[in-house]
$ cat work-v5.cif   # mmCIF, C-alpha atoms
data_model
#
loop_
_atom_site.group_PDB
_atom_site.id
_atom_site.type_symbol
_atom_site.label_atom_id
_atom_site.label_comp_id
_atom_site.auth_asym_id
_atom_site.auth_seq_id
_atom_site.Cartn_x
_atom_site.Cartn_y
_atom_site.Cartn_z
ATOM 1 C CA MET A 8 260.841 124.975 90.651
ATOM 2 C CA LYS A 9 264.332 123.961 91.652
ATOM 3 C CA GLY A 10 266.474 126.812 92.897
ATOM 4 C CA ILE A 11 263.603 129.159 93.811
ATOM 5 C CA ARG A 12 264.243 131.090 97.003
ATOM 6 C CA PHE A 13 261.880 133.082 99.180
ATOM 7 C CA TRP A 14 262.094 136.241 101.225
ATOM 8 C CA ALA A 15 260.774 135.953 104.765
ATOM 9 C CA PHE A 16 258.280 138.667 105.677
ATOM 10 C CA TRP A 17 256.760 138.610 109.151
ATOM 11 C CA PRO A 18 254.146 140.818 110.864
ATOM 12 C CA VAL A 19 255.210 143.066 113.729
ATOM 13 C CA ALA A 20 254.507 140.342 116.284
ATOM 14 C CA TYR A 21 257.184 138.174 114.678
ATOM 15 C CA GLN A 22 260.068 140.601 114.436
ATOM 16 C CA PRO A 23 263.313 139.401 116.060
ATOM 17 C CA SER A 24 263.002 142.063 118.767
ATOM 18 C CA SER A 25 259.941 140.252 120.133
ATOM 19 C CA LEU A 26 261.843 136.973 120.522
ATOM 20 C CA GLN A 27 263.807 135.866 123.543
ATOM 21 C CA ALA A 28 267.466 134.916 123.521
ATOM 22 C CA SER A 29 266.431 131.330 124.203
ATOM 23 C CA GLN A 30 265.224 131.076 120.607
ATOM 24 C CA PRO A 31 267.695 128.928 118.590
ATOM 25 C CA PRO A 32 270.286 131.202 116.906
ATOM 26 C CA SER A 33 269.904 129.292 113.639
ATOM 27 C CA LEU A 34 266.304 130.495 113.413
ATOM 28 C CA PHE A 35 267.210 134.087 114.301
ATOM 29 C CA GLY A 36 269.540 134.138 111.329
ATOM 30 C CA LEU A 37 266.834 133.112 108.881
ATOM 31 C CA ILE A 38 264.272 135.784 109.725
ATOM 32 C CA GLY A 39 264.188 138.543 107.123
ATOM 33 C CA ARG A 40 266.688 136.810 104.851
ATOM 34 C CA ARG A 41 266.431 134.800 101.678
ATOM 35 C CA MET A 42 265.389 131.236 102.460
ATOM 36 C CA THR A 43 265.201 127.921 100.699
ATOM 37 C CA LYS A 44 261.887 126.043 100.738
ATOM 38 C CA GLY A 45 263.219 123.736 103.443
ATOM 39 C CA GLN A 46 264.226 126.648 105.678
ATOM 40 C CA ARG A 47 260.839 128.277 105.166
ATOM 41 C CA ARG A 48 259.038 125.081 106.200
ATOM 42 C CA LYS A 49 261.260 124.863 109.277
ATOM 43 C CA LEU A 50 260.302 128.370 110.356
ATOM 44 C CA ASN A 51 256.613 127.874 109.596
ATOM 45 C CA ARG A 52 256.494 124.981 112.058
ATOM 46 C CA ILE A 53 257.305 127.483 114.816
ATOM 47 C CA TYR A 54 256.022 130.873 113.607
ATOM 48 C CA PHE A 55 252.468 130.105 112.632
ATOM 49 C CA MET A 56 250.295 131.879 115.194
ATOM 50 C CA LYS A 57 249.464 135.538 114.544
ATOM 51 C CA TYR A 58 246.466 136.376 116.703
ATOM 52 C CA CYS A 59 245.115 135.444 120.101
ATOM 53 C CA SER A 60 242.188 133.005 119.925
ATOM 54 C CA ASN A 61 240.806 134.530 123.132
ATOM 55 C CA CYS A 62 240.631 138.226 122.188
ATOM 56 C CA GLY A 63 241.802 138.473 118.565
ATOM 57 C CA GLN A 64 244.776 140.746 119.251
ATOM 58 C CA PRO A 65 248.289 140.038 117.868
ATOM 59 C CA VAL A 66 250.478 137.692 119.883
ATOM 60 C CA ILE A 67 254.212 137.821 120.491
ATOM 61 C CA HIS A 68 256.667 134.974 120.933
ATOM 62 C CA ARG A 69 258.398 135.246 124.311
ATOM 63 C CA THR A 70 259.199 133.247 127.415
ATOM 64 C CA PRO A 71 256.534 133.813 130.100
ATOM 65 C CA PRO A 72 257.705 134.373 133.701
ATOM 66 C CA GLY A 73 258.475 131.055 135.370
ATOM 67 C CA ASP A 74 258.584 129.162 132.067
ATOM 68 C CA ASP A 75 261.634 127.689 130.358
ATOM 69 C CA ARG A 76 260.780 128.205 126.683
ATOM 70 C CA PRO A 77 259.103 130.724 124.369
ATOM 71 C CA ARG A 78 255.313 130.648 123.972
ATOM 72 C CA PHE A 79 252.829 132.667 121.962
ATOM 73 C CA CYS A 80 251.634 135.294 124.432
ATOM 74 C CA CYS A 81 248.927 137.927 124.178
ATOM 75 C CA GLU A 82 249.865 141.188 125.887
ATOM 76 C CA SER A 83 246.298 142.421 125.532
ATOM 77 C CA CYS A 84 244.422 139.785 127.575
ATOM 78 C CA GLY A 85 247.367 137.933 129.149
ATOM 79 C CA MET A 86 246.583 134.579 127.521
ATOM 80 C CA VAL A 87 249.538 132.213 127.097
ATOM 81 C CA HIS A 88 249.020 129.756 124.245
ATOM 82 C CA TYR A 89 250.566 126.327 124.788
ATOM 83 C CA LEU A 90 250.991 124.551 121.463
ATOM 84 C CA ASN A 91 251.393 120.856 122.180
ATOM 85 C CA PRO A 92 251.929 117.748 120.032
ATOM 86 C CA LYS A 93 248.984 116.138 118.260
ATOM 87 C CA LEU A 94 248.004 112.608 119.264
ATOM 88 C CA VAL A 95 247.223 110.175 116.448
ATOM 89 C CA VAL A 96 245.460 106.925 117.347
ATOM 90 C CA GLY A 97 244.861 103.879 115.208
ATOM 91 C CA CYS A 98 244.828 100.116 115.179
ATOM 92 C CA ILE A 99 245.848 96.913 113.456
ATOM 93 C CA PRO A 100 242.491 95.260 112.647
ATOM 94 C CA GLU A 101 243.010 91.484 112.735
ATOM 95 C CA MET A 102 240.884 88.715 111.280
ATOM 96 C CA GLU A 103 242.386 85.238 111.637
ATOM 97 C CA ASP A 104 245.813 85.493 109.972
ATOM 98 C CA ARG A 105 245.075 88.652 107.987
ATOM 99 C CA ILE A 106 244.950 92.384 108.743
ATOM 100 C CA LEU A 107 242.873 95.172 107.252
ATOM 101 C CA LEU A 108 244.552 97.970 105.304
ATOM 102 C CA CYS A 109 243.071 101.092 103.715
ATOM 103 C CA ARG A 110 244.192 102.632 100.428
ATOM 104 C CA ARG A 111 244.234 106.377 100.951
ATOM 105 C CA ALA A 112 241.950 108.679 98.955
ATOM 106 C CA ILE A 113 243.567 111.862 100.301
ATOM 107 C CA GLU A 114 246.995 113.432 100.551
ATOM 108 C CA PRO A 115 249.512 112.862 101.913
ATOM 109 C CA GLY A 116 250.047 109.380 100.563
ATOM 110 C CA TYR A 117 247.205 109.341 98.037
ATOM 111 C CA GLY A 118 246.815 105.863 96.553
ATOM 112 C CA LYS A 119 249.057 104.200 99.118
ATOM 113 C CA TRP A 120 248.130 101.775 101.873
ATOM 114 C CA THR A 121 247.885 102.444 105.585
ATOM 115 C CA LEU A 122 246.339 101.245 108.814
ATOM 116 C CA PRO A 123 243.226 103.125 109.961
ATOM 117 C CA ALA A 124 244.379 106.015 112.154
ATOM 118 C CA GLY A 125 243.730 109.697 112.775
ATOM 119 C CA TYR A 126 243.758 112.545 115.261
ATOM 120 C CA LEU A 127 242.164 112.019 118.652
ATOM 121 C CA GLU A 128 239.125 114.228 119.261
ATOM 122 C CA ASN A 129 238.390 116.221 122.418
ATOM 123 C CA GLY A 130 236.372 114.279 124.976
ATOM 124 C CA GLU A 131 237.441 110.945 123.493
ATOM 125 C CA SER A 132 239.505 108.125 124.992
ATOM 126 C CA VAL A 133 242.401 106.755 122.953
ATOM 127 C CA ALA A 134 240.652 103.404 122.472
ATOM 128 C CA ALA A 135 237.416 105.099 121.402
ATOM 129 C CA GLY A 136 239.371 107.243 118.947
ATOM 130 C CA ALA A 137 241.012 104.204 117.355
ATOM 131 C CA LYS A 138 237.617 102.499 116.988
ATOM 132 C CA ARG A 139 236.069 105.628 115.468
ATOM 133 C CA GLU A 140 238.879 106.063 112.942
ATOM 134 C CA THR A 141 238.509 102.427 111.875
ATOM 135 C CA LEU A 142 234.775 102.876 111.395
ATOM 136 C CA GLU A 143 235.269 106.118 109.440
ATOM 137 C CA GLU A 144 238.066 104.922 107.162
ATOM 138 C CA ALA A 145 237.188 101.243 106.755
ATOM 139 C CA ARG A 146 233.514 101.067 107.793
ATOM 140 C CA ALA A 147 234.600 98.297 110.141
ATOM 141 C CA LYS A 148 233.771 97.641 113.781
ATOM 142 C CA VAL A 149 236.606 96.389 115.955
ATOM 143 C CA GLU A 150 237.223 95.185 119.469
ATOM 144 C CA ILE A 151 240.292 96.886 120.907
ATOM 145 C CA LEU A 152 242.636 94.268 122.366
ATOM 146 C CA THR A 153 245.673 96.070 123.769
ATOM 147 C CA PRO A 154 248.007 99.030 123.157
ATOM 148 C CA TYR A 155 250.729 97.862 120.808
ATOM 149 C CA ALA A 156 253.140 100.649 119.819
ATOM 150 C CA LEU A 157 253.860 104.276 120.653
ATOM 151 C CA TYR A 158 255.918 106.491 118.352
ATOM 152 C CA ASN A 159 257.368 109.933 119.031
ATOM 153 C CA ILE A 160 257.562 111.881 115.756
ATOM 154 C CA CYS A 161 259.048 115.063 117.149
ATOM 155 C CA HIS A 162 259.952 116.728 113.837
ATOM 156 C CA VAL A 163 256.231 117.025 112.981
ATOM 157 C CA ASN A 164 255.007 117.354 116.592
ATOM 158 C CA GLN A 165 253.004 114.126 116.572
ATOM 159 C CA ILE A 166 252.648 111.089 118.810
ATOM 160 C CA TYR A 167 251.212 107.866 117.383
ATOM 161 C CA LEU A 168 249.511 105.277 119.579
ATOM 162 C CA MET A 169 248.607 102.067 117.762
ATOM 163 C CA PHE A 170 246.439 99.270 119.172
ATOM 164 C CA ARG A 171 245.943 95.654 118.268
ATOM 165 C CA ALA A 172 242.279 95.078 117.475
ATOM 166 C CA ARG A 173 239.981 92.299 116.294
ATOM 167 C CA LEU A 174 237.430 92.736 113.516
ATOM 168 C CA LYS A 175 233.976 91.920 114.844
ATOM 169 C CA ASP A 176 232.745 90.641 111.478
ATOM 170 C CA LYS A 177 233.554 90.661 107.772
ATOM 171 C CA ARG A 178 231.622 93.821 107.039
ATOM 172 C CA PHE A 179 233.983 96.567 105.874
ATOM 173 C CA GLY A 180 234.347 98.972 102.973
ATOM 174 C CA ALA A 181 235.929 102.197 101.796
ATOM 175 C CA GLY A 182 235.089 105.263 103.858
ATOM 176 C CA ALA A 183 235.315 108.847 102.626
ATOM 177 C CA GLU A 184 239.116 108.931 103.035
ATOM 178 C CA SER A 185 239.768 105.524 101.432
ATOM 179 C CA LEU A 186 239.815 104.313 97.838
ATOM 180 C CA GLU A 187 239.514 100.683 98.883
ATOM 181 C CA VAL A 188 239.872 98.472 101.935
ATOM 182 C CA LYS A 189 241.276 94.966 101.861
ATOM 183 C CA LEU A 190 242.401 92.091 104.089
ATOM 184 C CA PHE A 191 246.045 91.110 103.585
ATOM 185 C CA GLY A 192 248.106 88.126 104.619
ATOM 186 C CA GLU A 193 251.752 88.743 105.461
ATOM 187 C CA ASN A 194 252.969 87.589 102.052
ATOM 188 C CA ASP A 195 250.553 89.930 100.300
ATOM 189 C CA ILE A 196 251.377 93.163 102.158
ATOM 190 C CA PRO A 197 252.241 95.859 99.540
ATOM 191 C CA TRP A 198 255.414 96.898 101.364
ATOM 192 C CA GLU A 199 256.547 99.274 98.623
ATOM 193 C CA GLU A 200 253.186 101.056 98.694
ATOM 194 C CA ILE A 201 252.848 101.767 102.425
ATOM 195 C CA ALA A 202 252.010 105.439 102.947
ATOM 196 C CA PHE A 203 253.989 106.326 106.078
ATOM 197 C CA ARG A 204 257.172 105.176 107.774
ATOM 198 C CA VAL A 205 255.378 104.865 111.112
ATOM 199 C CA ILE A 206 252.894 102.413 109.566
ATOM 200 C CA HIS A 207 255.708 100.491 107.898
ATOM 201 C CA ALA A 208 257.483 100.211 111.265
ATOM 202 C CA THR A 209 254.285 99.053 112.975
ATOM 203 C CA LEU A 210 253.681 96.315 110.416
ATOM 204 C CA LEU A 211 257.266 95.065 110.646
ATOM 205 C CA LYS A 212 257.035 94.824 114.436
ATOM 206 C CA TYR A 213 253.648 93.143 114.253
ATOM 207 C CA TYR A 214 254.825 90.348 111.977
ATOM 208 C CA ASP A 215 258.085 89.911 113.904
ATOM 209 C CA ASP A 216 256.080 89.485 117.112
ATOM 210 C CA ARG A 217 253.650 87.098 115.490
ATOM 211 C CA ARG A 218 256.499 84.855 114.346
ATOM 212 C CA LEU A 219 257.826 84.875 117.923
ATOM 213 C CA GLY A 220 254.408 83.884 119.211
ATOM 214 C CA ARG A 221 254.103 86.831 121.614
ATOM 215 C CA PHE A 222 253.204 90.498 121.271
ATOM 216 C CA SER A 223 255.163 93.098 123.233
ATOM 217 C CA PHE A 224 254.525 96.804 123.665
ATOM 218 C CA HIS A 225 256.922 98.919 121.585
ATOM 219 C CA MET A 226 258.058 102.526 121.974
ATOM 220 C CA GLU A 227 260.240 104.217 119.386
ATOM 221 C CA ASN A 228 261.310 107.574 117.979
ATOM 222 C CA ILE A 229 260.776 108.214 114.272
ATOM 223 C CA SER A 230 263.540 110.466 112.964
ATOM 224 C CA PRO A 231 263.165 112.949 110.089
ATOM 225 C CA PRO A 232 263.601 111.431 106.634
ATOM 226 C CA ASN A 233 267.026 111.773 105.072
ATOM 227 C CA PRO A 234 266.746 114.548 102.435
ATOM 228 C CA ASN A 235 269.797 113.147 100.628
ATOM 229 C CA PRO A 236 269.578 109.341 100.695
ATOM 230 C CA PRO A 237 272.737 107.520 99.581
ATOM 231 C CA LYS A 238 272.866 106.646 95.908
ATOM 232 C CA THR A 239 273.170 103.036 94.856
ATOM 233 C CA ASP A 240 274.611 101.641 91.653
ATOM 234 C CA ASN A 241 272.065 99.634 89.699
#
$ encode --input "work-v5.cif" --output "structure tokens"
Amino acid sequence: MKGIRFWAFWPVAYQPSSLQASQPPSLFGLIGRRMTKGQRRKLNRIYFMKYCSNCGQPVIHRTPPGDDRPRFCCESCGMVHYLNPKLVVGCIPEMEDRILLCRRAIEPGYGKWTLPAGYLENGESVAAGAKRETLEEARAKVEILTPYALYNICHVNQIYLMFRARLKDKRFGAGAESLEVKLFGENDIPWEEIAFRVIHATLLKYYDDRRLGRFSFHMENISPPNPNPPKTDN
């Protein structure tokens, strides 16, 4: 409900005394105080590890010797936990002048359209991951052509790597995470129903490049969404 506020309660390992001075002051000020939902989400993106995955003992958040930023450290076994960005891989499956989109059957973005993409698995190359995600979400086999776009989405600790790919045949269908799968021409793309900004940006670049007659590799930062978009008079 609008206006609800939360109190922040943290286990011993998360008390301010266990944090280093290098921690942003704005976050220090929120711990133990009343918080809005947005402030709570901001803290949860950093303070979300309680116990060591190596020995099960509580961890503390401090800067290890020789490091330049706080990490989750276990004082029992000495393990330092490095929490790094997640890599998402996907592709633009092409067939003649159309591309394959999936209508999502899961949140976030339930019912909206996206390109097949997902988290890279351990022991998997980026190209193999993009092919697997396409098979899982669209039941389609593709030939990976070339890397097409890389996006840094730092506010959610993700990196997207999208490939251009060619459908091997016309066999495709909805996987477990899709409601339906469909080939679209440029004029038929449901632009208002695209699930994610990174997918929207990829599609815009793809069609711009196709009109130019050449495909370039793109790299871009995706900024956080504006929580207070400007109002327009209609």
$ resolve_selection --input "work-v5.cif" --expression "the PyMOL selection byres ((chain A and resi 212-220) around 12)" --output "PDB file with C-alpha atoms, keeping the file's coordinate frame"
ATOM      1  CA  CYS A  98     244.828 100.116 115.179  1.00  0.00           C
ATOM      2  CA  ILE A  99     245.848  96.913 113.456  1.00  0.00           C
ATOM      3  CA  PRO A 100     242.491  95.260 112.647  1.00  0.00           C
ATOM      4  CA  GLU A 101     243.010  91.484 112.735  1.00  0.00           C
ATOM      5  CA  ASP A 104     245.813  85.493 109.972  1.00  0.00           C
ATOM      6  CA  ARG A 105     245.075  88.652 107.987  1.00  0.00           C
ATOM      7  CA  ILE A 106     244.950  92.384 108.743  1.00  0.00           C
ATOM      8  CA  TYR A 155     250.729  97.862 120.808  1.00  0.00           C
ATOM      9  CA  ALA A 156     253.140 100.649 119.819  1.00  0.00           C
ATOM     10  CA  LEU A 157     253.860 104.276 120.653  1.00  0.00           C
ATOM     11  CA  MET A 169     248.607 102.067 117.762  1.00  0.00           C
ATOM     12  CA  PHE A 170     246.439  99.270 119.172  1.00  0.00           C
ATOM     13  CA  ARG A 171     245.943  95.654 118.268  1.00  0.00           C
ATOM     14  CA  ALA A 172     242.279  95.078 117.475  1.00  0.00           C
ATOM     15  CA  GLY A 192     248.106  88.126 104.619  1.00  0.00           C
ATOM     16  CA  GLU A 193     251.752  88.743 105.461  1.00  0.00           C
ATOM     17  CA  ASN A 194     252.969  87.589 102.052  1.00  0.00           C
ATOM     18  CA  ILE A 196     251.377  93.163 102.158  1.00  0.00           C
ATOM     19  CA  VAL A 205     255.378 104.865 111.112  1.00  0.00           C
ATOM     20  CA  ILE A 206     252.894 102.413 109.566  1.00  0.00           C
ATOM     21  CA  HIS A 207     255.708 100.491 107.898  1.00  0.00           C
ATOM     22  CA  ALA A 208     257.483 100.211 111.265  1.00  0.00           C
ATOM     23  CA  THR A 209     254.285  99.053 112.975  1.00  0.00           C
ATOM     24  CA  LEU A 210     253.681  96.315 110.416  1.00  0.00           C
ATOM     25  CA  LEU A 211     257.266  95.065 110.646  1.00  0.00           C
ATOM     26  CA  ARG A 221     254.103  86.831 121.614  1.00  0.00           C
ATOM     27  CA  PHE A 222     253.204  90.498 121.271  1.00  0.00           C
ATOM     28  CA  SER A 223     255.163  93.098 123.233  1.00  0.00           C
ATOM     29  CA  PHE A 224     254.525  96.804 123.665  1.00  0.00           C
ATOM     30  CA  HIS A 225     256.922  98.919 121.585  1.00  0.00           C
ATOM     31  CA  MET A 226     258.058 102.526 121.974  1.00  0.00           C
ATOM     32  CA  GLU A 227     260.240 104.217 119.386  1.00  0.00           C
TER      33      GLU A 227
END
$ atom_distance --input "work-v5.cif" --atom1 "CA of Lys138 (chain A)" --atom2 "CA of Phe203 (chain A)"
20.0 Å
$ resolve_selection --input "work-v5.cif" --expression "the PyMOL selection byres ((chain A and resi 122-136) around 6)" --output "ChimeraX atom specification"
/A:94-97,108,121,137-141
$ atom_distance --input "work-v5.cif" --atom1 "CA of Arg110 (chain A)" --atom2 "CA of Lys175 (chain A)"
20.7 Å
$ residues_around --input "work-v5.cif" --residues "Lys119 (chain A)" --least-positions-apart "4" --cutoff "10 Å" --atoms "all atoms listed in the file" --output "list in words"
Leu108, Cys109, Arg110, Arg111, Ala112, Ile113, Glu114, Pro115, Ser185, Leu186, Pro197, Trp198, Glu199, Glu200, Ile201, Ala202 and Phe203 of chain A
$ atom_distance --input "work-v5.cif" --atom1 "CA of Arg76 (chain A)" --atom2 "CA of Tyr167 (chain A)"
24.3 Å
$ closest_residue --input "work-v5.cif" --among "A:Leu142, A:Leu190, A:Leu168, A:Tyr117" --to "Pro154 (chain A)" --atoms "all atoms listed in the file"
A:Leu168
$ closest_residue --input "work-v5.cif" --among "A:Val66, A:Met86, A:Met56, A:Leu107" --to "Leu174 (chain A)" --atoms "all atoms listed in the file"
A:Leu107
$ residues_around --input "work-v5.cif" --residues "Ser60 (chain A)" --least-positions-apart "4" --cutoff "12 Å" --atoms "only C-alpha atoms" --output "number ranges by chain"
A: 56, 64-66, 79-81, 83-89
